[in-house]
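Worksheet for the structure shown next.
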Amino acid sequence: RKITPGDKLWYQREFTVPEDWDGRDVKLNFGASDWETTVWVNGEKAGEHQGGFDAFDFTVTDHLKAGANTVTVSVWDPTQHGGGAVGKQRQDDEHDIEPHPGGGIWYTAASGIWQTVWLEPVAPAHITRLDLTPELGDDTLRATVHAEGAAGREVKVTVLDDGEEVGSATGAAGEQLSVPVPDPHLWSPDDPFLYDVRAELLPADGAPGDEVDSYAGMRSIGLKKIDGVQRPVLNGEFVFQTGTLDQGYWPDGLYTAPNDEALKYDLQAHKDLGFNMVRKHIKVEPQRWFHWADKLGLLVWQDMPSMDTGKVPDAPAREQWEKEYHRIIDQHRSSPSVVMWVNQNEGWGQYDQARIADEVKEADPSRLVNNMSGVNCCGSVDGGNGDVVDNHVYVGPGNTAPEPGRAAVLGEFGGLGLRTEGHEWYPGGGFSYEDQADTAALNDRFVGLLDGIREGQMPAGLSASVYTEITDVENEVNGLLTYDRQVVKVDQDRVATANQALIDASRSLPGAVTLPTGENRSLRVTTEGHTEKFLRHQDGLAWTAPVSQESDATLKADATYKVVPGLGDENCYSLESRNYPGEYLRHRESRVRRDADDGTQLFKDDATWCAVPGENGVRLSSLNMSGSYLRHYDSEVWLSTPGGKQPYDTLSHFTADTTWALEAPWAP
């Protein structure tokens with residue numbers, strides 16, 4: 001039955017402590033349990049924890065007895081009725097969790113224990129956490145060994161490569177050590193090299209020591225101005241971060257993956273599709289998921305799960321949310337894959353954005369911080385700080401502009417939907433931002449979006465994009481994979497090729513395309529077999545037609561335009577008619593036409609074209625329909641979207657048809 005806000009979930013089982021654990025303390029560990037967890041051992045209360053996404057443990061030694069023991073756990077989860085972090089979980093009739101066409105973006109609540117629970121024997125003095133931060137500035141690994149019952153004890157951290165010691169350092173437990181890693185082998189998505197790390201709590205005064213094994217990746221993440229544009233840089237170099245929104249839901253386990261291989265599978269799917277990044281959206285996975293991201297080589301944007309939408313959280317809710325967030329940061333700060341903390345999303349439960357971003361940066365200065373993903377959406381308020389300015393644009397990709405101190409990223413875009421018979425959560429239903437007719441249409445449209453980012457948005461300053469989404473989730477059918485992970489909907493090789501082209505292009509950014517503002521020019525077709533044609537207007541519409549010295553004066557004037565700074569954005573351009581001053585080429589309902597400036601912002605944006613490189617000329621991308629281009633098709637001129645649904649969106653000859661040669665004006 002459906003869990004109601006007042007219900008508690010109860011768990012109980014018996015266990016026996018192995019005899020060889022004598023003399024050691026026993027910890028009861030929880031990977032995560034949502035939301036308020038109370039534990040009793042043999043009827044005695046062992047502890048209580050609030051929070052649904054962070055790990056916790058209780059020392060239960062004093063509650064144990066010889067032979068059989070009983071552990072009892074109760075979990076209360078108010079979901080969105082409480083003040084805690086809930087992400088996309090919803091529980092009541094207002095956000096009906098039954099499968100139906102209006103299910104939208106909210107999903108079934110995953111209350112209770114949802115990560116592994118295990119017993120662990122530890123010495124009275126033992127290591128509890130290992131913080132590892134690479135520092136390429138001096139080729140060291142900064143290591144802090146946290147320990148319990150080890151006041152005044154020394155620790156040693158050793159870095160190894162295939163069993164051979166690379167460097168070591170000794171110091172006090174709880175203090176940061178600098179372990180030398182000379183000439184480090186750098187970690188990256190292309191080469192996710194990991195060093196082994198051994199941390200030791202050294203024996204002292206007859207007390208035994210303790211030892212743990214871990215690993216570390218040597219890499220840096222930061223911001224750098226490249227050709228005057230703020231970009232995120234990995235190991236000092238800009239590489240475009242192309243990824244997907246990964247919500248981590250499963251049809252049988254909700255928040256809980258079937259097994260460790262399943263956690264790996266979703267990340268491997270990203271690699272197979274050519275992505276180098278994943279945004280873990282409004283959920284925090286078990287540490288094994290981060291292990292696979294580290295090992296496979298994926299850059300991770302980690303969201304802090306939001307509080308409920310449409311509410312201003314009270315003081316206790318804020319205190320709890322921030323406390324849980326900082327525990328999550330501490331628990332996952334040693335994974336080299338994590339390159340950005342995403343604090344809040346689309347204004348959901350938003351408050352104190354700037355302060356929180358500053359405090360997260362102070363807590364972990366080694367990573368980028370995103371104060372609000374989707375600052376342009378849904379009533380969200382940009383804190384104005386952090387390392388990135390993050391827009392959400394569906395279908396997109398839109399134009400996110402970089403700032404002097406922040407890189408431009410596209411935190412969400414896409415949402416192309418395709419229902420897959422036999423693999424639907426709600427057969428015959430399903431929600432997406434743009435339905436596709438079939439697999440071929442989905443492939444064309446999706447690859448067109450990636451190509452549009454490479455050709456237009458990235459040269460204009462965009463540094464990362466997150467496609468919605470890697471798998472279908474419940475009522476959403478916009479995944480690249482089905483919800484059951486049985487079908488990859490897109491052509492894997494084709495998508496991987498498009499992603500690789502995007503990544504490769506970021507390593508050798510094309511120079512900006514500049515047009516001669518204030519001068520008249522004519523635009524010639526570059527498609528083979530049509531190069532005698534020029535862009536002209538006639539009866540208010542844009543066409544292509546042959547123009548020559550023998551053409552009459554009217555045709556020559558119709559084929560001549562004054563290049564002026566963009567009416568909607570001065571970094572782009574507008575094309576003013578030579579013989580109709582004050583009238584410009586603009587798109588309306590996809591048809592390109594010549595209209596008079598009516599003073600509206602819509603007109604200014606419709607009449608603004610951003611120049612991007614073409615093979616033998618320049619391509620003109622719409623300011624307000626980015627990723628769509630000025631194209632000739634059967635002599636008509638359209639705003640065309642690669643892989644779109646209209647005949648003029650066909651991918652055949654798309655690049656050539658959207659590339660124009662800037663020539664001397666037919667009419668001075």
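Ordering of the structure tokens sets the chain letters (A, B, ...); residue numbers start at 1 within each chain; ligands are numbered from 1 in the order shown.
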May I have a table of the residues of range 113-229 of chain A lying at most 12 Å from range 498-511 of chain A, giving each one's closest pair of atoms and their distance in Å to one decimal, counting only C-alpha atoms, ordered by chain and ascending residue number, as JSON lines?
```
{"residue": "A:Pro189", "atom": "CA", "partner": "A:Ile503", "partner_atom": "CA", "distance": 11.1}
{"residue": "A:Asp190", "atom": "CA", "partner": "A:Ile503", "partner_atom": "CA", "distance": 10.9}
{"residue": "A:Ile226", "atom": "CA", "partner": "A:Leu509", "partner_atom": "CA", "distance": 9.4}
{"residue": "A:Asp227", "atom": "CA", "partner": "A:Gly511", "partner_atom": "CA", "distance": 8.7}
{"residue": "A:Gly228", "atom": "CA", "partner": "A:Gly511", "partner_atom": "CA", "distance": 11.5}
{"residue": "A:Val229", "atom": "CA", "partner": "A:Leu509", "partner_atom": "CA", "distance": 11.3}
```
- prompt: So which residues of range 95-151 of chain A fall under strand (DSSP E or B) by DSSP, listed as a VMD selection string?
  reply: chain A and resid 107 to 108 112 to 113 117 to 122 126 to 135 140 to 148
- prompt: Which of these residues is nearest to Glu469 in chain A, using only C-alpha atoms: A:Asn69, A:Gln247, A:Gln646, A:Gln549?
  reply: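 Using only C-alpha atoms, the shortest distance to Glu469 in chain A belongs to A:Gln247.
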Could you list, as a PDB file with N, CA and C atoms, in the first residue's frame, every residue within 9 Å of Gly398 in chain A, counting only C-alpha atoms and ignoring same-chain residues fewer than 5 positions away?
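Output below, filename selection03.pdb:
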```pdb
ATOM      1  N   ASN A 391      22.143  27.631 -17.248  1.00  0.00           N
ATOM      2  CA  ASN A 391      20.783  27.755 -17.774  1.00  0.00           C
ATOM      3  C   ASN A 391      20.197  26.390 -18.090  1.00  0.00           C
ATOM      4  N   HIS A 392      18.853  26.313 -18.047  1.00  0.00           N
ATOM      5  CA  HIS A 392      18.114  25.152 -18.524  1.00  0.00           C
ATOM      6  C   HIS A 392      17.276  25.599 -19.714  1.00  0.00           C
ATOM      7  N   VAL A 393      17.408  24.899 -20.833  1.00  0.00           N
ATOM      8  CA  VAL A 393      16.663  25.257 -22.039  1.00  0.00           C
ATOM      9  C   VAL A 393      16.157  23.977 -22.693  1.00  0.00           C
ATOM     10  N   LEU A 410      25.262  24.619 -19.697  1.00  0.00           N
ATOM     11  CA  LEU A 410      23.870  24.294 -19.976  1.00  0.00           C
ATOM     12  C   LEU A 410      23.514  23.117 -19.083  1.00  0.00           C
ATOM     13  N   PHE A 413      19.139  20.312 -21.039  1.00  0.00           N
ATOM     14  CA  PHE A 413      18.557  20.599 -22.345  1.00  0.00           C
ATOM     15  C   PHE A 413      18.081  19.283 -22.930  1.00  0.00           C
ATOM     16  N   GLN A 457      27.204  27.000 -30.146  1.00  0.00           N
ATOM     17  CA  GLN A 457      27.225  27.409 -28.740  1.00  0.00           C
ATOM     18  C   GLN A 457      28.621  27.363 -28.126  1.00  0.00           C
ATOM     19  N   LEU A 623      19.669  33.773 -32.959  1.00  0.00           N
ATOM     20  CA  LEU A 623      19.943  34.135 -31.567  1.00  0.00           C
ATOM     21  C   LEU A 623      18.985  33.443 -30.617  1.00  0.00           C
ATOM     22  N   ASN A 624      17.702  33.493 -30.924  1.00  0.00           N
ATOM     23  CA  ASN A 624      16.712  32.974 -29.973  1.00  0.00           C
ATOM     24  C   ASN A 624      16.246  31.562 -30.286  1.00  0.00           C
ATOM     25  N   MET A 625      16.759  30.976 -31.357  1.00  0.00           N
ATOM     26  CA  MET A 625      16.515  29.566 -31.651  1.00  0.00           C
ATOM     27  C   MET A 625      17.869  28.938 -31.945  1.00  0.00           C
ATOM     28  N   SER A 626      18.738  28.994 -30.948  1.00  0.00           N
ATOM     29  CA  SER A 626      20.113  28.562 -31.168  1.00  0.00           C
ATOM     30  C   SER A 626      20.142  27.095 -31.572  1.00  0.00           C
ATOM     31  N   GLY A 627      21.089  26.784 -32.452  1.00  0.00           N
ATOM     32  CA  GLY A 627      21.144  25.454 -33.022  1.00  0.00           C
ATOM     33  C   GLY A 627      20.337  25.340 -34.298  1.00  0.00           C
TER      34      GLY A 627
END
```
- line: What separates CA of Gly374 in chain A and CA of Pro192 in chain A is a distance of 29.8 Å
- prompt: Between CA of Asp491 in chain A and CA of Ala269 in chain A, what is the spacing in Å?
  reply: 12.3 Å
query: For Thr116 in chain A, which residue out of A:Leu177, A:Leu202, A:Ala401, A:Leu28 is the nearest one, using only C-alpha atoms?
result: A:Leu28
statement: Residue with the minimum atom-to-atom distance to Ala109 in chain A, picked from A:Glu164, A:Phe53, A:Glu135, A:Leu254 with only C-alpha atoms counted, is A:Leu254
query: With only C-alpha atoms as the atoms that count, which of A:Tyr215, A:Phe238, A:Tyr325, A:Phe193 lies nearest to Leu141 in chain A?
result: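 Among the listed residues, A:Tyr215 lies closest to Leu141 in chain A.
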query: Near Gly222 in chain A, within 9 Å and counting only C-alpha atoms, which residues show up once chain neighbours fewer than 4 positions away are dropped, as number ranges by chain?
result: A: 231-236, 339, 366-368, 387
- request: Enumerate the residues of range 372-574 of chain A with a DSSP assignment of alpha helix (DSSP H), computed from the backbone, and present them as a PyMOL selection string.
  value: chain A and resi 439-452+492-507+553-558
message: Would you pick out the contacts of Ala262 in chain A at 12 Å or less, using only C-alpha atoms, so that residues sharing its chain but fewer than 3 positions from it are not included, and give the list as an MDAnalysis selection string?
response: chainID A and resid 248:250 253 256:259 265:269 288:289 292 484:486
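The coordinates place CA of Val284 in chain A at 14.8 Å from CA of Lys323 in chain A.
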message: Can you tell me which residues surround Leu273 in chain A at a distance of at most 6 Å, considering only C-alpha atoms, apart from same-chain residues fewer than 6 positions away, and format the answer as a ChimeraX atom specification?
response: /A:492,495-496
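Once Cys572 in chain A and its same-chain neighbours fewer than 6 positions away are set aside, Pro565, Gly566, Thr608, Trp609, Cys610, Ala611 and Leu623 of chain A remain within 8 Å of it when counting only C-alpha atoms.
Each of A:Ser214, A:Thr108, A:Gly149, A:Asp138 was checked against Val181 in chain A using only C-alpha atoms; the smallest atom-to-atom distance is that of A:Asp138.
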